[in-house]
Amino acid sequence: MFGLTQLVERAALVNAGGVACHFQGRDTRWSELRERIARTAGVLRGLGVRDGDRVAIISANSDFYCQYLFAVAWAGGVITPVNARLTAPEALYWLQDSGATIVFVDAPFVELIERIRSQLGSQVHAFVYVGADAAPAGYHDLAALLATTQPVPDAGRQGDDLYAIYYTGGTTGRSKGVMLTHGGLLVNVMQWTMTIGVTGVDRMLIVAPMFHMVAALNCIVAALIAGSAVILPRFDADLVLRTIAEQRVSKAALVPAMLDSLVSSPDARRWDLSSLKRISYGGAPMPESLLRRALELLPQTRFFQIYGQTEGGPNISCLAPEDHVLSGPGTEHLRSAGKPLPAVDVGIFDENGNRLALGQRGEICVRSPGLSPGYWNKPEETRAARRGDWLRTGDVGYLDAGGFLYIVDRLKDMIVTGGVNVYSAEVENALHAHPAVAECAVIGVPDARWGERVHAIVRLVEGAQCTAEQLMAHCRTLLADFKRPRSIDIVTQPLPRSAANKILKQELRAPFWRDQARKV
């Protein structure tokens with residue numbers, strides 16, 4: 001079997017002097033990155049990390065983050081990236097649930113960690129400061145430790161060994177840790193690489209937050225092909241355009257909202273973007289009007305729509321460039337999520353577990369060597385997400401005679417806004433914590449920029465006085481920014497309920513989605 005760290009060994013062998021990653025004017029060669037990874041693993045071993053121990057990372061984007069993604073596995077550990085946008089209670093739950101024993105902490109997040117440190121007790125053996133300046137009191141200084149630590153041999157994690165735990169939202173209001181293995185991720189990045197067609201000459205732009213699976217996947221792909229990752233600290237349209245031109249970026253991963261910002265920039269046409277040959281996008285459908293504008297600005301660029309979810313490995317299907325047809329035969333494929341990736345089987349099932357024929361609508365289920373083995377410490381939820389060896393995606397759709405997958409609705413109580421998952425129950429729990437709220441429902445409604453936005457419908461306790469703005473301010477103390485409602489309707493009538501006393505969210509969603517061809 002093969003492990004992800006062995007990709008680094010090969011890249012350092014076949015392209016030792018090639019640029020592994022570029023960040024803010026700093027180039028790191030593959031031979032240098034391998035040395036840093038092995039040395040960082042030595043630090044982790046010295047701090048007590050043993051095979052299977054979880055190491056959390058809460059850090060801003062940088063080339064060093066790419067180093068951590070491999071160093072933890074090199075030491076035998078399991079990475080647990082922490083969403084840098086979480087509130088303190090949310091971050092505390094992730095750290096406690098994962099059982100992280102080491103936490104890498106970047107400068108902007110020391111204050112957050114200090115707010116929860118006492119509640120972590122003896123679980124965390126060491127907080128390791130990874131900022132550029134001197135470490136605060138009570139933190140190990142990674143730079144100082146690296147200066148005195150020797151590199152260690154690769155621990156040799158591979159196959160079914162756990163590589164990472166990536167947390168998603170939870171349908172019961174609690175996040176779930178999706179387990180990803182070395183072998184599963186290796187299969188999935190190879191499926192993705194075969195489909196997108198990148199090679200060792202490519203320079204791939206990473207602009208997504210590096211705690212996100214998309215960024216990690218691109219770092220792993222860079223190692224697989226011994227190519228280059230060009231990492232930006234954040235998304236900024238002008239910075240992205242300048243970087244593409246100056247660094248001759250050939251591949252970028254974006255969500256449609258990012259692409260909209262790029263093509264709308266008044267400076268877009270003054271930069272030489274001719275190097276950009278491929279863009280993969282996902283998280284929301286691409287509006288036809290945006291695709292037309294993008295193709296006008298980037299006529300040499302091939303577009304790939306990716307459909308997936310972390311549990312799926314993460315990538316499931318792809319709408320290829322030749323299927324981005326704007327006129328004539330084949331235009332209907334733009335409404336699809338493309339065809340399954342190589343070695344991915346997609347089936348449509350009814351509620352009784354029967355596989356449906358082409359054209360019939362049901363739950364989209366997936367099986368592949370790259371699937372997640374399940375949720376960390378949640379066997380019941382893992383069983384609920386499976387139908388035999390099939391993953392239940394929670395999305396409703398159908399397959400046509402050409403093998404194109406169409407997504408028409410969602411079974412899961414989930415909102416995808418700007419490519420990020422938000423589970424309604426978590427937002428509803430926050431709203432219910434306000435004493436003026438009698439009942440509420442959180443749904444996703446169409447948004448031209450983000451695909452969906454978080455919308456809440458609230459009925460107040462009789463006689464209570466509270467505004468939508470006050471409820472939003474309340475949510476600000478409990479939820480990360482991307483989870484908070486962007487709009488709130490306050491109603492006076494009870495919310496519609498089923499005979500089982502469940503709020504009928506489909507009924508609440510219907511007016512917003514009536515004129516939309518795709519209901520997610």
# chains A, B, ... in the order shown; residues from 1 in each chain; ligands from 1
>>> select_by_dssp(residues="stretch 2-52 of chain A", states="strand (DSSP E or B)", output="ChimeraX atom specification")
/A:19-23,26-29
>>> residues_around(residues="A:Phe70", least_positions_apart="6", cutoff="10 Å", atoms="only C-alpha atoms", output="PyMOL selection string")
chain A and resi 4-8+33-34+36-38+40-41+76-79+163+216+219-220+223
>>> closest_residue(among="A:Ala257, A:Met286, A:Ser280, A:Ala56", to="A:Asp97", atoms="only C-alpha atoms")
A:Ala56
>>> residues_around(residues="A:Thr181", least_positions_apart="6", cutoff="7 Å", atoms="only C-alpha atoms", output="PDB file with all heavy atoms, in the first residue's frame")
ATOM      1  N   GLY A 159      -2.576   3.223   3.196  1.00  0.00           N
ATOM      2  CA  GLY A 159      -3.785   2.422   3.038  1.00  0.00           C
ATOM      3  C   GLY A 159      -4.945   2.890   3.888  1.00  0.00           C
ATOM      4  O   GLY A 159      -5.398   4.033   3.782  1.00  0.00           O
ATOM      5  N   ASP A 160      -5.437   2.022   4.765  1.00  0.00           N
ATOM      6  CA  ASP A 160      -6.589   2.325   5.604  1.00  0.00           C
ATOM      7  C   ASP A 160      -6.236   3.140   6.845  1.00  0.00           C
ATOM      8  O   ASP A 160      -7.119   3.449   7.651  1.00  0.00           O
ATOM      9  CB  ASP A 160      -7.283   1.030   6.033  1.00  0.00           C
ATOM     10  CG  ASP A 160      -7.959   0.309   4.867  1.00  0.00           C
ATOM     11  OD1 ASP A 160      -8.281   0.991   3.873  1.00  0.00           O
ATOM     12  OD2 ASP A 160      -8.158  -0.918   4.954  1.00  0.00           O
ATOM     13  N   ASP A 161      -4.962   3.475   7.022  1.00  0.00           N
ATOM     14  CA  ASP A 161      -4.587   4.333   8.145  1.00  0.00           C
ATOM     15  C   ASP A 161      -5.248   5.693   7.980  1.00  0.00           C
ATOM     16  O   ASP A 161      -5.328   6.244   6.870  1.00  0.00           O
ATOM     17  CB  ASP A 161      -3.070   4.521   8.211  1.00  0.00           C
ATOM     18  CG  ASP A 161      -2.341   3.252   8.618  1.00  0.00           C
ATOM     19  OD1 ASP A 161      -2.952   2.419   9.315  1.00  0.00           O
ATOM     20  OD2 ASP A 161      -1.164   3.099   8.235  1.00  0.00           O
ATOM     21  N   LEU A 162      -5.689   6.255   9.095  1.00  0.00           N
ATOM     22  CA  LEU A 162      -6.382   7.547   9.055  1.00  0.00           C
ATOM     23  C   LEU A 162      -5.395   8.668   8.754  1.00  0.00           C
ATOM     24  O   LEU A 162      -4.328   8.764   9.377  1.00  0.00           O
ATOM     25  CB  LEU A 162      -7.062   7.785  10.404  1.00  0.00           C
ATOM     26  CG  LEU A 162      -8.172   8.825  10.482  1.00  0.00           C
ATOM     27  CD1 LEU A 162      -9.273   8.516   9.484  1.00  0.00           C
ATOM     28  CD2 LEU A 162      -8.739   8.885  11.903  1.00  0.00           C
ATOM     29  N   TYR A 163      -5.749   9.515   7.793  1.00  0.00           N
ATOM     30  CA  TYR A 163      -4.927  10.682   7.464  1.00  0.00           C
ATOM     31  C   TYR A 163      -5.477  11.944   8.107  1.00  0.00           C
ATOM     32  O   TYR A 163      -4.731  12.775   8.616  1.00  0.00           O
ATOM     33  CB  TYR A 163      -4.856  10.872   5.947  1.00  0.00           C
ATOM     34  CG  TYR A 163      -4.305  12.230   5.556  1.00  0.00           C
ATOM     35  CD1 TYR A 163      -2.950  12.524   5.696  1.00  0.00           C
ATOM     36  CD2 TYR A 163      -5.141  13.245   5.064  1.00  0.00           C
ATOM     37  CE1 TYR A 163      -2.437  13.773   5.359  1.00  0.00           C
ATOM     38  CE2 TYR A 163      -4.643  14.485   4.727  1.00  0.00           C
ATOM     39  CZ  TYR A 163      -3.294  14.749   4.874  1.00  0.00           C
ATOM     40  OH  TYR A 163      -2.796  15.989   4.553  1.00  0.00           O
ATOM     41  N   ALA A 164      -6.803  12.135   8.062  1.00  0.00           N
ATOM     42  CA  ALA A 164      -7.382  13.407   8.490  1.00  0.00           C
ATOM     43  C   ALA A 164      -8.781  13.211   9.043  1.00  0.00           C
ATOM     44  O   ALA A 164      -9.470  12.230   8.734  1.00  0.00           O
ATOM     45  CB  ALA A 164      -7.433  14.389   7.312  1.00  0.00           C
TER      46      ALA A 164
END
>>> closest_atom_pairs(of="stretch 453-476 of chain A", to="stretch 407-427 of chain A", cutoff="8 Å", atoms="only C-alpha atoms", output="Markdown table")
| residue | atom | partner | partner_atom | distance |
| --- | --- | --- | --- | --- |
| A:Arg453 | CA | A:Thr417 | CA | 5.6 |
| A:Val454 | CA | A:Ile415 | CA | 7.0 |
| A:Cys475 | CA | A:Val427 | CA | 7.9 |
>>> write_last_selection(atoms="N, CA and C atoms", output="tab-separated table (two decimals), in the first residue's frame")
chain	number	residue	atom	x	y	z
A	453	ARG	N	-28.23	31.37	0.30
A	453	ARG	CA	-27.90	32.13	1.51
A	453	ARG	C	-28.75	31.58	2.66
A	454	VAL	N	-28.25	31.78	3.86
A	454	VAL	CA	-28.93	31.29	5.06
A	454	VAL	C	-30.07	32.24	5.41
A	475	CYS	N	-26.97	35.89	17.10
A	475	CYS	CA	-26.29	34.79	16.41
A	475	CYS	C	-24.79	35.04	16.28
>>> select_by_dssp(residues="stretch 293-490 of chain A", states="alpha helix (DSSP H)", output="number ranges by chain")
A: 293-297, 379-384, 424-432, 468-476
>>> write_last_selection(atoms="N, CA, C and O atoms", output="compact mmCIF listing (two decimals), in the first residue's frame")
# COMPACT_ATOMS: atom_id res chain seq x y z
N ARG A 293 -19.54 35.41 -19.58
CA ARG A 293 -18.58 36.48 -19.26
C ARG A 293 -17.19 35.93 -19.01
O ARG A 293 -16.17 36.50 -19.42
N ALA A 294 -17.13 34.76 -18.34
CA ALA A 294 -15.84 34.16 -18.03
C ALA A 294 -15.14 33.68 -19.30
O ALA A 294 -13.93 33.87 -19.48
N LEU A 295 -15.91 33.06 -20.20
CA LEU A 295 -15.32 32.58 -21.46
C LEU A 295 -14.87 33.74 -22.35
O LEU A 295 -13.89 33.61 -23.10
N GLU A 296 -15.57 34.85 -22.24
CA GLU A 296 -15.16 36.03 -23.01
C GLU A 296 -13.82 36.58 -22.49
O GLU A 296 -12.95 36.95 -23.27
N LEU A 297 -13.68 36.61 -21.17
CA LEU A 297 -12.43 37.10 -20.57
C LEU A 297 -11.30 36.08 -20.72
O LEU A 297 -10.14 36.45 -20.92
N PRO A 379 -20.72 6.05 15.40
CA PRO A 379 -21.09 4.85 14.62
C PRO A 379 -22.53 4.86 14.14
O PRO A 379 -22.82 4.38 13.04
N GLU A 380 -23.45 5.41 14.94
CA GLU A 380 -24.85 5.41 14.50
C GLU A 380 -25.04 6.32 13.29
O GLU A 380 -25.76 5.96 12.35
N GLU A 381 -24.41 7.49 13.31
CA GLU A 381 -24.54 8.39 12.16
C GLU A 381 -23.81 7.83 10.95
O GLU A 381 -24.23 8.07 9.81
N THR A 382 -22.73 7.10 11.18
CA THR A 382 -22.05 6.44 10.07
C THR A 382 -22.97 5.42 9.41
O THR A 382 -23.09 5.36 8.18
N ARG A 383 -23.65 4.60 10.23
CA ARG A 383 -24.59 3.61 9.67
C ARG A 383 -25.73 4.28 8.93
O ARG A 383 -26.16 3.80 7.87
N ALA A 384 -26.22 5.39 9.46
CA ALA A 384 -27.34 6.09 8.82
C ALA A 384 -26.94 6.67 7.47
O ALA A 384 -27.79 6.86 6.59
N SER A 424 -28.78 23.46 9.04
CA SER A 424 -29.85 24.29 9.59
C SER A 424 -30.00 24.12 11.09
O SER A 424 -30.24 25.09 11.81
N ALA A 425 -29.87 22.90 11.58
CA ALA A 425 -30.11 22.64 13.00
C ALA A 425 -29.18 23.44 13.89
O ALA A 425 -29.58 23.91 14.96
N GLU A 426 -27.94 23.62 13.44
CA GLU A 426 -26.98 24.37 14.25
C GLU A 426 -27.41 25.83 14.37
O GLU A 426 -27.31 26.44 15.44
N VAL A 427 -27.89 26.40 13.26
CA VAL A 427 -28.34 27.80 13.28
C VAL A 427 -29.64 27.91 14.09
O VAL A 427 -29.83 28.87 14.85
N GLU A 428 -30.51 26.94 13.93
CA GLU A 428 -31.77 26.95 14.70
C GLU A 428 -31.51 26.85 16.20
O GLU A 428 -32.17 27.51 17.00
N ASN A 429 -30.53 26.04 16.59
CA ASN A 429 -30.18 25.94 18.01
C ASN A 429 -29.73 27.28 18.56
O ASN A 429 -30.06 27.66 19.69
N ALA A 430 -28.96 28.02 17.75
CA ALA A 430 -28.50 29.34 18.18
C ALA A 430 -29.67 30.30 18.32
O ALA A 430 -29.76 31.07 19.30
N LEU A 431 -30.59 30.28 17.38
CA LEU A 431 -31.76 31.17 17.46
C LEU A 431 -32.65 30.81 18.65
O LEU A 431 -33.15 31.68 19.36
N HIS A 432 -32.81 29.52 18.90
CA HIS A 432 -33.64 29.09 20.02
C HIS A 432 -33.06 29.49 21.37
O HIS A 432 -33.78 29.53 22.38
N ALA A 468 -35.30 41.59 13.67
CA ALA A 468 -34.40 40.72 12.92
C ALA A 468 -32.95 41.09 13.19
O ALA A 468 -32.08 40.22 13.32
N GLU A 469 -32.67 42.38 13.29
CA GLU A 469 -31.30 42.84 13.54
C GLU A 469 -30.80 42.36 14.90
O GLU A 469 -29.64 41.97 15.05
N GLN A 470 -31.68 42.37 15.90
CA GLN A 470 -31.28 41.90 17.23
C GLN A 470 -31.02 40.39 17.22
O GLN A 470 -30.10 39.92 17.89
N LEU A 471 -31.80 39.64 16.46
CA LEU A 471 -31.56 38.21 16.35
C LEU A 471 -30.24 37.92 15.64
O LEU A 471 -29.51 36.99 16.01
N MET A 472 -29.94 38.71 14.63
CA MET A 472 -28.66 38.53 13.93
C MET A 472 -27.50 38.83 14.87
O MET A 472 -26.47 38.13 14.86
N ALA A 473 -27.64 39.87 15.68
CA ALA A 473 -26.59 40.21 16.64
C ALA A 473 -26.41 39.09 17.66
O ALA A 473 -25.29 38.75 18.06
N HIS A 474 -27.51 38.48 18.06
CA HIS A 474 -27.46 37.35 18.99
C HIS A 474 -26.69 36.19 18.36
O HIS A 474 -25.83 35.56 19.01
N CYS A 475 -26.97 35.89 17.10
CA CYS A 475 -26.29 34.79 16.41
C CYS A 475 -24.79 35.04 16.28
O CYS A 475 -23.98 34.10 16.26
N ARG A 476 -24.43 36.31 16.22
CA ARG A 476 -23.01 36.67 16.06
C ARG A 476 -22.16 36.17 17.23
O ARG A 476 -20.97 35.91 17.07
>>> residues_around(residues="A:Ser250", least_positions_apart="5", cutoff="7 Å", atoms="only C-alpha atoms", output="ChimeraX atom specification")
/A:202-204,275-278
>>> write_last_selection(atoms="N, CA, C and O atoms", output="compact mmCIF listing (two decimals), in the first residue's frame")
# COMPACT_ATOMS: atom_id res chain seq x y z
N ASP A 202 2.32 22.18 -14.25
CA ASP A 202 1.25 23.09 -13.82
C ASP A 202 1.61 23.83 -12.55
O ASP A 202 2.30 23.31 -11.66
N ARG A 203 1.10 25.07 -12.48
CA ARG A 203 1.19 25.90 -11.28
C ARG A 203 -0.25 26.15 -10.83
O ARG A 203 -1.01 26.84 -11.51
N MET A 204 -0.60 25.57 -9.68
CA MET A 204 -1.99 25.53 -9.25
C MET A 204 -2.23 26.57 -8.15
O MET A 204 -1.52 26.60 -7.14
N SER A 275 -1.93 32.33 -19.29
CA SER A 275 -1.39 31.07 -18.73
C SER A 275 -2.48 30.21 -18.11
O SER A 275 -2.28 29.00 -17.94
N LEU A 276 -3.63 30.79 -17.77
CA LEU A 276 -4.67 30.07 -17.03
C LEU A 276 -5.43 29.14 -17.98
O LEU A 276 -6.31 29.57 -18.71
N LYS A 277 -5.09 27.86 -17.93
CA LYS A 277 -5.65 26.89 -18.87
C LYS A 277 -6.86 26.13 -18.31
O LYS A 277 -7.68 25.61 -19.07
N ARG A 278 -6.96 26.05 -16.98
CA ARG A 278 -8.04 25.25 -16.38
C ARG A 278 -8.58 25.95 -15.13
O ARG A 278 -7.81 26.46 -14.32
>>> residues_around(residues="stretch 14-17 of chain A", least_positions_apart="6", cutoff="9 Å", atoms="only C-alpha atoms", output="NGL selection string")
:A and (29-32 or 200 or 226-227)
>>> atom_distance(atom1="atom CA of A:Pro209", atom2="atom CA of A:Leu259")
15.9 Å
>>> atom_distance(atom1="atom CA of A:Val55", atom2="atom CA of A:Thr477")
26.8 Å
>>> residues_around(residues="stretch 359-361 of chain A", least_positions_apart="2", cutoff="8 Å", atoms="only C-alpha atoms", output="PDB file with N, CA and C atoms, in the first residue's frame")
ATOM      1  N   ILE A 348     -29.108   5.817  -8.169  1.00  0.00           N
ATOM      2  CA  ILE A 348     -30.263   6.556  -7.662  1.00  0.00           C
ATOM      3  C   ILE A 348     -31.195   5.548  -6.980  1.00  0.00           C
ATOM      4  N   ASP A 350     -34.635   4.708  -4.253  1.00  0.00           N
ATOM      5  CA  ASP A 350     -35.843   5.214  -3.605  1.00  0.00           C
ATOM      6  C   ASP A 350     -35.736   5.018  -2.096  1.00  0.00           C
ATOM      7  N   LEU A 356     -33.151   2.846  -8.846  1.00  0.00           N
ATOM      8  CA  LEU A 356     -34.109   3.332  -9.827  1.00  0.00           C
ATOM      9  C   LEU A 356     -33.510   3.367 -11.231  1.00  0.00           C
ATOM     10  N   ALA A 357     -34.406   3.392 -12.210  1.00  0.00           N
ATOM     11  CA  ALA A 357     -33.991   3.413 -13.609  1.00  0.00           C
ATOM     12  C   ALA A 357     -33.550   4.819 -14.014  1.00  0.00           C
ATOM     13  N   GLU A 363     -32.684   9.373  -4.175  1.00  0.00           N
ATOM     14  CA  GLU A 363     -31.476   9.829  -3.486  1.00  0.00           C
ATOM     15  C   GLU A 363     -30.229   9.384  -4.245  1.00  0.00           C
ATOM     16  N   VAL A 396     -30.984  14.742  -3.895  1.00  0.00           N
ATOM     17  CA  VAL A 396     -31.960  14.093  -4.762  1.00  0.00           C
ATOM     18  C   VAL A 396     -31.621  14.424  -6.212  1.00  0.00           C
ATOM     19  N   GLY A 397     -31.658  13.409  -7.065  1.00  0.00           N
ATOM     20  CA  GLY A 397     -31.346  13.667  -8.463  1.00  0.00           C
ATOM     21  C   GLY A 397     -31.696  12.486  -9.345  1.00  0.00           C
ATOM     22  N   TYR A 398     -31.198  12.541 -10.578  1.00  0.00           N
ATOM     23  CA  TYR A 398     -31.420  11.452 -11.521  1.00  0.00           C
ATOM     24  C   TYR A 398     -30.265  11.398 -12.505  1.00  0.00           C
ATOM     25  N   LEU A 399     -30.126  10.264 -13.163  1.00  0.00           N
ATOM     26  CA  LEU A 399     -29.135  10.063 -14.213  1.00  0.00           C
ATOM     27  C   LEU A 399     -29.847   9.975 -15.552  1.00  0.00           C
ATOM     28  N   ASP A 400     -29.279  10.596 -16.584  1.00  0.00           N
ATOM     29  CA  ASP A 400     -29.880  10.466 -17.912  1.00  0.00           C
ATOM     30  C   ASP A 400     -29.169   9.375 -18.702  1.00  0.00           C
ATOM     31  N   ALA A 401     -29.611   9.166 -19.912  1.00  0.00           N
ATOM     32  CA  ALA A 401     -29.079   8.069 -20.728  1.00  0.00           C
ATOM     33  C   ALA A 401     -27.614   8.268 -21.095  1.00  0.00           C
TER      34      ALA A 401
END
>>> atom_distance(atom1="atom CA of A:Thr301", atom2="atom CA of A:Val240")
15.6 Å
>>> residues_around(residues="A:Ile116", least_positions_apart="3", cutoff="9 Å", atoms="only C-alpha atoms", output="PyMOL selection string")
chain A and resi 88-89+91-92+112-113+119-120
>>> write_last_selection(atoms="C-alpha atoms", output="mmCIF file, in the first residue's frame")
data_model
loop_
_atom_site.group_PDB
_atom_site.id
_atom_site.type_symbol
_atom_site.label_atom_id
_atom_site.label_comp_id
_atom_site.auth_asym_id
_atom_site.auth_seq_id
_atom_site.Cartn_x
_atom_site.Cartn_y
_atom_site.Cartn_z
ATOM 1 C CA ALA A 88 -14.714 29.885 20.620
ATOM 2 C CA PRO A 89 -17.512 27.417 21.593
ATOM 3 C CA ALA A 91 -13.654 25.510 18.101
ATOM 4 C CA LEU A 92 -13.772 24.005 21.597
ATOM 5 C CA LEU A 112 -9.430 32.412 20.614
ATOM 6 C CA ILE A 113 -7.371 29.560 22.083
ATOM 7 C CA GLN A 119 -11.727 23.923 29.265
ATOM 8 C CA LEU A 120 -9.398 21.678 27.281
#
